[in-house]
$ cat final.cif   # mmCIF, C-alpha atoms
data_input
#
loop_
_atom_site.label_atom_id
_atom_site.label_comp_id
_atom_site.auth_asym_id
_atom_site.auth_seq_id
_atom_site.Cartn_x
_atom_site.Cartn_y
_atom_site.Cartn_z
CA MET A 1 7.88 -44.47 -12.07
CA ASN A 2 6.30 -41.21 -13.30
CA ALA A 3 8.20 -37.96 -13.76
CA GLY A 4 6.57 -36.39 -10.70
CA ASN A 5 7.73 -39.17 -8.39
CA SER A 6 11.20 -39.07 -9.90
CA LEU A 7 11.40 -35.30 -9.37
CA ALA A 8 10.17 -35.60 -5.80
CA LYS A 9 12.79 -38.24 -5.07
CA GLN A 10 15.48 -36.08 -6.62
CA ILE A 11 14.39 -33.11 -4.49
CA VAL A 12 14.37 -35.18 -1.29
CA ARG A 13 17.77 -36.61 -2.21
CA CYS A 14 19.20 -33.10 -2.59
CA SER A 15 17.63 -31.89 0.65
CA ARG A 16 19.06 -31.96 4.14
CA THR A 17 17.42 -31.81 7.52
CA ILE A 18 18.17 -28.89 9.77
CA ALA A 19 17.09 -27.75 13.23
CA ALA A 20 14.66 -24.89 12.59
CA GLY A 21 14.44 -23.71 16.18
CA SER A 22 12.17 -24.69 19.10
CA GLY A 23 12.98 -28.34 18.54
CA ARG A 24 11.49 -28.32 15.01
CA LYS A 25 13.27 -30.05 12.17
CA LEU A 26 12.81 -29.10 8.54
CA LYS A 27 13.99 -30.50 5.25
CA VAL A 28 15.59 -27.74 3.21
CA ILE A 29 17.14 -27.40 -0.23
CA GLY A 30 19.69 -24.83 -1.31
CA LEU A 31 19.42 -22.42 -4.21
CA GLU A 32 22.16 -24.15 -6.19
CA GLU A 33 20.51 -27.57 -5.95
CA SER A 34 17.06 -26.19 -6.69
CA ARG A 35 18.23 -24.35 -9.81
CA ALA A 36 20.27 -27.37 -10.94
CA ILE A 37 17.14 -29.53 -10.77
CA ALA A 38 15.27 -26.92 -12.82
CA ALA A 39 18.07 -26.82 -15.37
CA HIS A 40 18.05 -30.61 -15.76
CA SER A 41 14.27 -30.96 -15.89
CA ARG A 42 11.79 -29.21 -18.11
CA LEU A 43 10.42 -27.24 -15.18
CA THR A 44 10.85 -23.59 -14.38
CA PRO A 45 12.63 -22.61 -11.13
CA LEU A 46 9.20 -21.60 -9.78
CA GLU A 47 7.71 -25.02 -10.58
CA VAL A 48 10.65 -26.70 -8.85
CA GLU A 49 10.23 -24.53 -5.73
CA ILE A 50 6.53 -25.40 -5.66
CA THR A 51 7.30 -29.10 -6.04
CA CYS A 52 9.84 -28.83 -3.22
CA LEU A 53 7.26 -27.37 -0.84
CA GLU A 54 4.60 -29.86 -1.94
CA ASN A 55 7.02 -32.57 -0.85
CA GLY A 56 7.75 -30.93 2.50
CA VAL A 57 11.13 -29.54 1.44
CA VAL A 58 11.62 -25.83 2.05
CA PRO A 59 13.79 -23.86 -0.35
CA MET A 60 16.37 -22.33 1.98
CA ARG A 61 15.48 -18.82 0.83
CA TYR A 62 12.01 -19.14 2.39
CA LEU A 63 13.18 -20.69 5.66
CA ARG A 64 12.54 -17.56 7.71
CA ASN A 65 9.06 -17.19 6.16
CA ILE A 66 7.90 -20.60 7.32
CA GLY A 67 7.42 -19.72 10.99
CA THR A 68 4.68 -17.22 10.09
CA ALA A 69 3.42 -18.43 6.70
CA GLY A 70 3.89 -22.18 7.14
CA ILE A 71 4.66 -24.47 4.20
CA GLN A 72 1.06 -24.28 2.95
CA GLY A 73 1.14 -20.49 3.22
CA GLN A 74 4.39 -20.27 1.29
CA LEU A 75 2.86 -22.49 -1.39
CA LYS A 76 -0.13 -20.14 -1.63
CA LEU A 77 2.28 -17.21 -2.02
CA LEU A 78 4.20 -18.96 -4.80
CA TYR A 79 0.97 -19.81 -6.63
CA SER A 80 -0.35 -16.27 -6.38
CA THR A 81 -0.29 -13.29 -8.72
CA VAL A 82 -0.06 -9.76 -7.36
CA ALA A 83 -0.37 -6.59 -9.43
CA ILE A 84 1.58 -3.54 -8.30
CA CYS A 85 0.14 -0.34 -9.75
CA GLY A 86 3.03 2.12 -9.72
CA ALA A 87 6.73 1.37 -9.42
CA GLY A 88 7.88 4.54 -7.69
CA GLY A 89 8.27 5.29 -3.96
CA LEU A 90 5.68 2.87 -2.60
CA GLY A 91 5.76 0.51 -5.56
CA GLY A 92 9.52 -0.02 -5.63
CA SER A 93 9.58 -1.14 -2.01
CA VAL A 94 6.41 -3.21 -2.42
CA ILE A 95 7.98 -5.04 -5.38
CA GLU A 96 11.23 -5.63 -3.48
CA LEU A 97 9.44 -7.08 -0.46
CA LEU A 98 6.98 -9.20 -2.45
CA ALA A 99 9.91 -10.70 -4.38
CA ARG A 100 11.69 -11.56 -1.14
CA GLN A 101 8.49 -12.98 0.34
CA GLY A 102 8.16 -15.29 -2.65
CA ILE A 103 5.05 -14.18 -4.50
CA GLY A 104 5.18 -16.37 -7.60
CA HIS A 105 3.89 -13.91 -10.17
CA LEU A 106 4.20 -10.13 -10.19
CA VAL A 107 2.47 -7.78 -12.61
CA ILE A 108 4.29 -4.44 -12.51
CA ILE A 109 2.47 -1.50 -14.04
CA ASP A 110 4.03 1.93 -14.55
CA ASN A 111 4.67 4.01 -17.64
CA GLY A 112 7.36 6.20 -16.08
CA ARG A 113 11.13 6.49 -16.22
CA PHE A 114 13.43 7.32 -13.34
CA VAL A 115 14.35 10.97 -12.89
CA GLU A 116 16.72 12.67 -10.46
CA ASN A 117 14.12 13.74 -7.93
CA ASN A 118 13.21 10.06 -7.43
CA LEU A 119 16.63 9.28 -5.96
CA ASN A 120 15.79 10.32 -2.38
CA ARG A 121 13.09 7.69 -1.88
CA GLN A 122 12.48 5.30 -4.77
CA ILE A 123 14.41 2.20 -3.81
CA MET A 124 14.67 0.92 -7.39
CA SER A 125 16.21 4.18 -8.59
CA GLY A 126 19.92 4.91 -8.83
CA GLU A 127 22.25 7.16 -10.73
CA ASP A 128 22.92 4.33 -13.16
CA VAL A 129 19.26 3.88 -14.12
CA LEU A 130 18.18 7.49 -14.63
CA ARG A 131 15.92 7.86 -17.68
CA ARG A 132 15.36 4.10 -17.78
CA SER A 133 11.92 2.50 -17.61
CA LYS A 134 10.83 1.89 -14.01
CA VAL A 135 9.14 -1.35 -14.96
CA LYS A 136 12.23 -2.74 -16.70
CA VAL A 137 14.51 -1.77 -13.83
CA ALA A 138 12.10 -3.29 -11.32
CA ALA A 139 11.90 -6.53 -13.30
CA GLN A 140 15.70 -6.77 -13.34
CA ARG A 141 15.81 -6.14 -9.61
CA VAL A 142 13.27 -8.93 -9.00
CA ARG A 143 15.33 -11.28 -11.13
CA ARG A 144 18.42 -10.51 -9.02
CA ILE A 145 16.50 -11.14 -5.79
CA ASN A 146 14.56 -14.21 -6.85
CA SER A 147 14.93 -15.61 -10.35
CA ALA A 148 12.05 -18.03 -9.78
CA ILE A 149 9.49 -15.24 -9.87
CA ALA A 150 7.61 -14.61 -13.09
CA VAL A 151 7.31 -10.89 -13.84
CA LYS A 152 4.88 -9.35 -16.29
CA LYS A 153 6.13 -5.91 -17.31
CA CYS A 154 3.45 -3.38 -18.20
CA SER A 155 4.94 -0.04 -19.28
CA THR A 156 1.59 1.54 -19.83
CA TYR A 157 -0.89 4.09 -18.52
CA ILE A 158 -3.66 2.83 -16.32
CA ASN A 159 -6.97 4.04 -17.67
CA ASP A 160 -10.56 2.87 -17.98
CA SER A 161 -9.92 0.96 -21.18
CA SER A 162 -6.69 -0.77 -20.12
CA VAL A 163 -7.22 -1.52 -16.44
CA ASP A 164 -9.38 -4.66 -16.53
CA GLY A 165 -7.03 -6.35 -18.98
CA LEU A 166 -4.04 -5.52 -16.78
CA LEU A 167 -5.56 -6.82 -13.55
CA LYS A 168 -7.53 -9.83 -14.80
CA GLY A 169 -6.17 -13.05 -13.34
CA CYS A 170 -4.50 -11.38 -10.36
CA ASP A 171 -5.23 -12.41 -6.78
CA VAL A 172 -4.47 -9.07 -5.09
CA VAL A 173 -3.89 -5.54 -6.40
CA VAL A 174 -1.58 -3.09 -4.64
CA ASP A 175 -2.08 0.66 -4.86
CA ALA A 176 1.27 2.40 -5.21
CA LEU A 177 -0.06 5.21 -7.38
CA ASP A 178 0.34 8.95 -6.97
CA SER A 179 -3.01 10.32 -8.08
CA LEU A 180 -6.51 9.82 -6.79
CA SER A 181 -8.02 9.58 -10.26
CA SER A 182 -5.81 6.58 -11.16
CA ARG A 183 -6.61 4.99 -7.80
CA MET A 184 -10.33 5.33 -8.47
CA VAL A 185 -9.90 3.64 -11.87
CA VAL A 186 -8.02 0.72 -10.29
CA GLU A 187 -10.45 0.41 -7.39
CA ALA A 188 -13.42 0.34 -9.78
CA SER A 189 -11.74 -2.42 -11.77
CA CYS A 190 -11.09 -4.41 -8.58
CA ARG A 191 -14.80 -4.09 -7.80
CA ARG A 192 -15.73 -5.43 -11.23
CA LEU A 193 -13.18 -8.26 -11.06
CA LYS A 194 -13.93 -8.96 -7.38
CA LEU A 195 -10.32 -8.49 -6.31
CA PRO A 196 -8.93 -7.24 -3.01
CA PHE A 197 -7.28 -3.82 -3.30
CA VAL A 198 -4.60 -2.69 -0.85
CA HIS A 199 -4.50 1.10 -0.66
CA GLY A 200 -1.51 3.11 0.52
CA ALA A 201 -0.62 6.80 0.28
CA ILE A 202 2.08 9.04 1.71
CA ALA A 203 3.00 12.66 2.40
CA GLY A 204 5.89 13.94 4.48
CA TYR A 205 6.06 12.07 7.78
CA CYS A 206 2.58 10.58 7.29
CA GLY A 207 1.19 7.54 5.58
CA GLN A 208 -2.02 5.57 5.42
CA VAL A 209 -3.08 2.04 4.59
CA MET A 210 -6.44 0.35 4.04
CA THR A 211 -7.52 -2.90 2.44
CA VAL A 212 -10.65 -2.77 0.32
CA LEU A 213 -12.54 -5.98 -0.32
CA PRO A 214 -15.30 -6.29 -2.94
CA GLY A 215 -18.44 -4.73 -1.48
CA ASP A 216 -16.59 -2.34 0.83
CA LYS A 217 -17.10 1.39 0.50
CA GLY A 218 -13.40 1.82 -0.20
CA LEU A 219 -11.65 5.03 -1.19
CA SER A 220 -14.82 7.13 -1.22
CA ALA A 221 -15.06 6.60 2.56
CA ILE A 222 -11.70 8.39 2.88
CA TYR A 223 -11.77 10.94 0.08
CA GLY A 224 -15.47 11.36 -0.55
CA PRO A 225 -17.02 10.91 -3.98
CA GLY A 226 -15.19 12.20 -7.04
CA CYS A 227 -11.50 12.44 -7.64
CA ASP A 228 -10.86 16.16 -8.08
CA VAL A 229 -8.76 16.47 -4.96
CA ARG A 230 -5.18 17.36 -4.29
CA GLY A 231 -3.00 16.39 -1.37
CA VAL A 232 -0.69 18.00 1.15
CA GLU A 233 2.27 16.16 -0.38
CA ALA A 234 2.61 19.24 -2.60
CA VAL A 235 3.58 21.03 0.64
CA THR A 236 5.24 18.27 2.67
CA GLY A 237 7.12 16.50 -0.10
CA ASN A 238 7.98 12.83 0.29
CA PRO A 239 11.12 12.11 2.33
CA SER A 240 13.19 8.94 2.15
CA ALA A 241 11.76 6.65 4.81
CA THR A 242 8.00 7.15 4.59
CA PRO A 243 7.38 5.23 1.33
CA THR A 244 9.23 2.13 2.49
CA ALA A 245 7.45 2.12 5.86
CA ILE A 246 4.02 2.30 4.26
CA ALA A 247 4.99 -0.12 1.50
CA ALA A 248 5.98 -2.65 4.17
CA TRP A 249 2.54 -2.31 5.73
CA GLU A 250 0.87 -2.84 2.35
CA VAL A 251 2.94 -5.98 1.80
CA GLN A 252 1.85 -7.35 5.17
CA GLU A 253 -1.74 -6.89 4.01
CA VAL A 254 -1.02 -8.78 0.77
CA VAL A 255 0.61 -11.68 2.62
CA LYS A 256 -2.27 -11.86 5.11
CA LEU A 257 -4.85 -11.87 2.31
CA ILE A 258 -3.11 -14.63 0.37
CA THR A 259 -2.25 -16.87 3.30
CA GLY A 260 -5.54 -16.23 5.10
CA THR A 261 -3.89 -15.16 8.32
CA GLY A 262 -4.73 -12.23 10.61
CA GLU A 263 -7.32 -9.54 9.94
CA PRO A 264 -7.15 -7.13 7.02
CA ILE A 265 -7.25 -3.38 7.77
CA ARG A 266 -10.77 -3.09 6.44
CA ASN A 267 -13.37 -0.32 6.79
CA ARG A 268 -10.83 1.67 8.78
CA LEU A 269 -7.88 3.80 7.90
CA LEU A 270 -4.56 3.02 9.49
CA PHE A 271 -2.89 6.40 9.78
CA VAL A 272 0.76 6.72 10.76
CA ASP A 273 2.39 9.99 11.72
CA PHE A 274 6.12 9.55 12.24
CA ALA A 275 6.43 13.19 13.34
CA ASP A 276 4.84 12.44 16.70
CA GLY A 277 5.19 8.65 16.61
CA SER A 278 1.45 8.09 16.51
CA LEU A 279 -0.51 5.31 14.89
CA GLU A 280 -4.27 5.56 14.63
CA SER A 281 -6.98 3.28 13.41
CA ILE A 282 -9.73 5.57 12.13
CA PRO A 283 -13.10 3.86 11.67
CA LEU A 284 -14.84 4.67 8.39
CA ALA A 285 -18.44 4.46 7.26
CA GLN A 286 -19.30 1.08 5.81
CA GLU A 287 -21.29 0.37 2.69
CA GLY A 288 -25.01 0.91 3.27
CA LYS A 289 -24.49 2.69 6.57
CA MET B 290 -26.03 25.37 18.40
CA ALA B 291 -24.17 22.14 19.22
CA THR B 292 -20.88 21.49 20.94
CA VAL B 293 -18.80 19.15 18.77
CA ASN B 294 -15.42 17.48 19.25
CA VAL B 295 -12.85 18.20 16.58
CA ARG B 296 -9.75 16.08 16.21
CA PHE B 297 -6.84 16.95 13.94
CA VAL B 298 -4.97 14.04 12.36
CA GLY B 299 -1.59 14.00 10.67
CA PRO B 300 0.63 17.02 10.01
CA TRP B 301 -2.07 19.37 11.32
CA ARG B 302 -0.84 18.68 14.85
CA LEU B 303 2.62 19.80 13.87
CA TYR B 304 1.48 22.70 11.70
CA LEU B 305 -1.34 24.04 13.88
CA GLY B 306 -0.09 23.02 17.33
CA VAL B 307 -3.43 21.47 18.24
CA GLU B 308 -4.66 17.89 18.52
CA ARG B 309 -8.22 18.30 19.77
CA CYS B 310 -10.66 21.12 20.43
CA THR B 311 -14.37 21.67 20.91
CA ILE B 312 -16.32 24.03 18.72
CA GLN B 313 -19.82 25.38 19.09
CA ALA B 314 -21.54 25.30 15.74
CA ALA B 315 -24.86 24.56 14.10
CA THR B 316 -23.56 23.11 10.85
CA VAL B 317 -20.43 21.57 9.35
CA GLU B 318 -19.92 24.79 7.40
CA ASP B 319 -19.82 26.71 10.71
CA VAL B 320 -17.14 24.34 12.03
CA ILE B 321 -15.02 24.83 8.94
CA GLU B 322 -15.38 28.59 9.11
CA GLN B 323 -14.35 28.71 12.80
CA MET B 324 -11.50 26.29 12.19
CA GLU B 325 -10.13 28.39 9.33
CA THR B 326 -10.49 31.59 11.38
CA THR B 327 -8.72 30.15 14.42
CA TYR B 328 -6.07 27.94 12.87
CA GLY B 329 -5.89 29.01 9.22
CA PRO B 330 -3.30 31.77 9.88
CA LYS B 331 -0.94 29.20 11.43
CA TYR B 332 -1.20 27.08 8.30
CA HIS B 333 -0.57 30.06 6.06
CA GLU B 334 2.41 31.04 8.21
CA ARG B 335 3.77 27.51 7.83
CA LEU B 336 3.22 27.59 4.08
CA LEU B 337 4.99 30.93 3.74
CA ARG B 338 7.95 29.67 5.78
CA GLY B 339 8.16 26.77 3.34
CA GLY B 340 8.08 29.14 0.39
CA VAL B 341 4.61 28.04 -0.74
CA LYS B 342 2.85 30.98 -2.40
CA GLU B 343 -0.26 29.07 -3.46
CA ARG B 344 -3.45 29.84 -1.51
CA ARG B 345 -4.42 26.73 0.45
CA SER B 346 -6.77 26.03 3.35
CA ILE B 347 -7.01 23.44 6.12
CA SER B 348 -10.38 22.23 4.92
CA GLY B 349 -9.22 22.19 1.30
CA ASP B 350 -6.30 19.94 2.25
CA SER B 351 -8.30 17.62 4.52
CA ASN B 352 -10.69 14.75 4.44
CA ILE B 353 -13.29 15.76 7.00
CA LEU B 354 -15.42 13.06 8.59
CA VAL B 355 -18.45 13.66 10.79
CA ASN B 356 -19.12 10.58 12.90
CA ARG B 357 -17.07 8.53 10.39
CA VAL B 358 -18.86 9.85 7.29
CA HIS B 359 -17.08 12.07 4.77
CA ILE B 360 -18.73 15.48 4.61
CA ARG B 361 -19.17 15.14 0.84
CA GLN B 362 -21.42 12.17 1.54
CA LEU B 363 -23.52 13.82 4.24
CA THR B 364 -27.12 14.50 3.40
CA ASP B 365 -27.73 16.61 6.51
CA HIS B 366 -25.06 19.02 7.72
CA THR B 367 -26.85 19.86 10.96
CA LEU B 368 -24.76 19.01 14.02
CA LYS B 369 -25.71 17.54 17.40
CA ASP B 370 -23.97 17.80 20.77
CA GLY B 371 -21.13 15.31 21.01
CA ASP B 372 -20.66 14.81 17.26
CA ASN B 373 -17.10 13.80 16.45
CA ILE B 374 -15.32 15.51 13.60
CA ASP B 375 -12.03 14.16 12.25
CA VAL B 376 -9.94 16.58 10.21
CA ILE B 377 -7.51 14.26 8.45
CA ALA B 378 -4.74 15.68 6.29
CA ARG B 379 -5.45 14.54 2.76
CA PHE B 380 -2.70 13.08 0.63
CA VAL B 381 -2.45 10.99 -2.49
CA GLY B 382 1.32 10.61 -2.88
CA GLY B 383 2.96 7.31 -3.73
#

$ encode --input "final.cif" --output "C-alpha cells"
Amino acid sequence: MNAGNSLAKQIVRCSRTIAAGSGRKLKVIGLEESRAIAAHSRLTPLEVEITCLENGVVPMRYLRNIGTAGIQGQLKLLYSTVAICGAGGLGGSVIELLARQGIGHLVIIDNGRFVENNLNRQIMSGEDVLRRSKVKVAAQRVRRINSAIAVKKCSTYINDSSVDGLLKGCDVVVDALDSLSSRMVVEASCRRLKLPFVHGAIAGYCGQVMTVLPGDKGLSAIYGPGCDVRGVEAVTGNPSATPTAIAAWEVQEVVKLITGTGEPIRNRLLFVDFADGSLESIPLAQEGK
Amino acid sequence: MATVNVRFVGPWRLYLGVERCTIQAATVEDVIEQMETTYGPKYHERLLRGGVKERRSISGDSNILVNRVHIRQLTDHTLKDGDNIDVIARFVGG
C-alpha cells in the first residue's frame, strides 16, 4: 500500500458524515484530527487539507464555503496564490477574508508600520501592535485564523524593479494600495505577467471596484493616462466601515476568478456610495475602442 | 452648441446637491467652466466648513468621462447633442 492510499484511508477513518442541508450528506473532518494527521505524517497542514478534499472529505472549517465553491472550487482556492499589495485599510480586511476563505498561499506586500491614525479602520491594527510591521502582524493574524495557509511576508516598497519578482507565480493580484502611482506599477506588472488584477479604492462613504484582465484597458479607463492625480480622500478621510465593505467586494472577485464562477466586474466600474445607498455600474471604454 | 447630459457620481451629490443636469456647451472645456461656475462655490463652501484651506476644484477632483471615455484620452473635445458626461469623484485611498 503506498503512502497516499494510507493517508487517504486515515483521513476517511477520521471523518464523519453529516447532514449538510437540503438532504445532502458530506464527509467532514475536524481541525484537531486534520492537524494530528499532519503532525504524524510528513505533510504540511495545507497538504493534508488538500488531500482531504481530494478524497471527498471536507475540512470542517470550509463547510460553509462548499455550497458556493463546491469541493473542486475549494481545492482550487487551496492550490492558489494571491498577492495582496498593501496591508492597511483595504488590505487588512482582504487578508482576513482570504484566510477565512482558504486561499492556500498569500503574498503580503507592505513596507509600513501601524500608526495611531490607522486604528479607526485598519482591521489588523490595535493598540498593542502600534509601530509594528503591518506585514508581520498580518502574517500572525493569518496564522491564528488558519494555520494551514502559507504566507510570504514582503516588507518592501513596490517599485518598477521589485514588482515582477514579488508577483511572479501568483494567480491573482489584489490592489489595496493608497497611491495611483503604485497601482500603475502593479497593473503594468500584471500585464507583463498576464495576471488578473482586482482594483479597489476608497474615500469617505464611497468605494469602487474593478477587475482588470490582461488586455483590458484597466486603470487608465478610470483615471486617464499618467499617475499625477490626487483624490478626494484628502477631504473626505476614510471612516471605519468603507474599507471593509470594499475589501469584501474585492475578495468576492478573487474567489470568482479562482473558482471560475460568476462574471468579473470587467470594463466597468462598480461604484458604491453609502451616503445615499447607491450602487452603480459605470461602463468604461474598452481597449481599442 | 450642444445640449449634453451631466451626471455627478459619488460625494458630489452630497456636496453639490445635484445628481444630474443638462448643460449647453460646444466643448468639454465649456462644460467644465460652466460646472465650476455653477457648482464650484458649493464645493468651496463645503471645503471651508471642513477646515480645508487648499484650493481645489470639482474637475480637479474628478474623473470625467465623455460617453465612457476619460477626457484625457479624448482626441476631439467637440460635443454633440445627447452626449453623456460622468463626473466621478476621484479617489485613490486604500

$ atom_distance --input "final.cif" --atom1 "atom CA of Val209 of chain A" --atom2 "atom CA of Ile265 of chain A"
7.5 Å

$ resolve_selection --input "final.cif" --expression "the PyMOL selection byres ((chain A) within 8 of (chain B))" --output "VMD selection string"
chain A and resid 86 88 to 91 176 to 180 200 to 203 205 to 206 221 to 225 230 to 233 235 238 243 271 to 273 275 283 to 285

$ atom_distance --input "final.cif" --atom1 "atom CA of Pro59 of chain A" --atom2 "atom CA of Ala8 of chain A"
13.4 Å

$ atom_distance --input "final.cif" --atom1 "atom CA of Val293 of chain B" --atom2 "atom CA of Thr311 of chain B"
5.5 Å

$ residues_around --input "final.cif" --residues "Val58 of chain A" --least-positions-apart "5" --cutoff "7 Å" --atoms "all atoms listed in the file" --output "JSON list (two decimals) with C-alpha atoms, in the coordinates of the input"
[["chain", "number", "residue", "atom", "x", "y", "z"],
["A", 27, "LYS", "CA", 13.99, -30.50, 5.25],
["A", 28, "VAL", "CA", 15.59, -27.74, 3.21],
["A", 29, "ILE", "CA", 17.14, -27.40, -0.23],
["A", 52, "CYS", "CA", 9.84, -28.83, -3.22],
["A", 53, "LEU", "CA", 7.26, -27.37, -0.84],
["A", 63, "LEU", "CA", 13.18, -20.69, 5.66]]

$ resolve_selection --input "final.cif" --expression "the PyMOL selection byres ((chain A and resi 117) around 12)" --output "ChimeraX atom specification"
/A:88-89,113-116,118-122,125-127,130-131,237-240

$ residues_around --input "final.cif" --residues "Ile158 of chain A" --least-positions-apart "5" --cutoff "9 Å" --atoms "only C-alpha atoms" --output "PyMOL selection string"
chain A and resi 85+109-111+163+166+182+185-186

$ resolve_selection --input "final.cif" --expression "the PyMOL selection byres ((chain B and resi 305) around 7)" --output "list in words"
Trp301, Arg302, Leu303, Tyr304, Gly306, Val307, Tyr328, Lys331 and Tyr332 of chain B

$ write_last_selection --input "final.cif" --atoms "C-alpha atoms" --output "PDB file, in the coordinates of the input"
ATOM      1  CA  TRP B 301      -2.070  19.370  11.320  1.00  0.00           C
ATOM      2  CA  ARG B 302      -0.840  18.680  14.850  1.00  0.00           C
ATOM      3  CA  LEU B 303       2.620  19.800  13.870  1.00  0.00           C
ATOM      4  CA  TYR B 304       1.480  22.700  11.700  1.00  0.00           C
ATOM      5  CA  GLY B 306      -0.090  23.020  17.330  1.00  0.00           C
ATOM      6  CA  VAL B 307      -3.430  21.470  18.240  1.00  0.00           C
ATOM      7  CA  TYR B 328      -6.070  27.940  12.870  1.00  0.00           C
ATOM      8  CA  LYS B 331      -0.940  29.200  11.430  1.00  0.00           C
ATOM      9  CA  TYR B 332      -1.200  27.080   8.300  1.00  0.00           C
TER      10      TYR B 332
END

$ closest_residue --input "final.cif" --among "A:Tyr62, A:Tyr157, A:Trp249, A:Tyr79" --to "Val198 of chain A" --atoms "all atoms listed in the file"
A:Trp249

$ closest_residue --input "final.cif" --among "B:Asp319, B:Glu325, B:Asp370, B:Glu308" --to "Ser348 of chain B" --atoms "only C-alpha atoms"
B:Glu325

$ residues_around --input "final.cif" --residues "Leu75 of chain A" --least-positions-apart "2" --cutoff "12 Å" --atoms "only C-alpha atoms" --output "PyMOL selection string"
chain A and resi 46-59+62+65-66+69-73+77-80+101-104+255+258-259
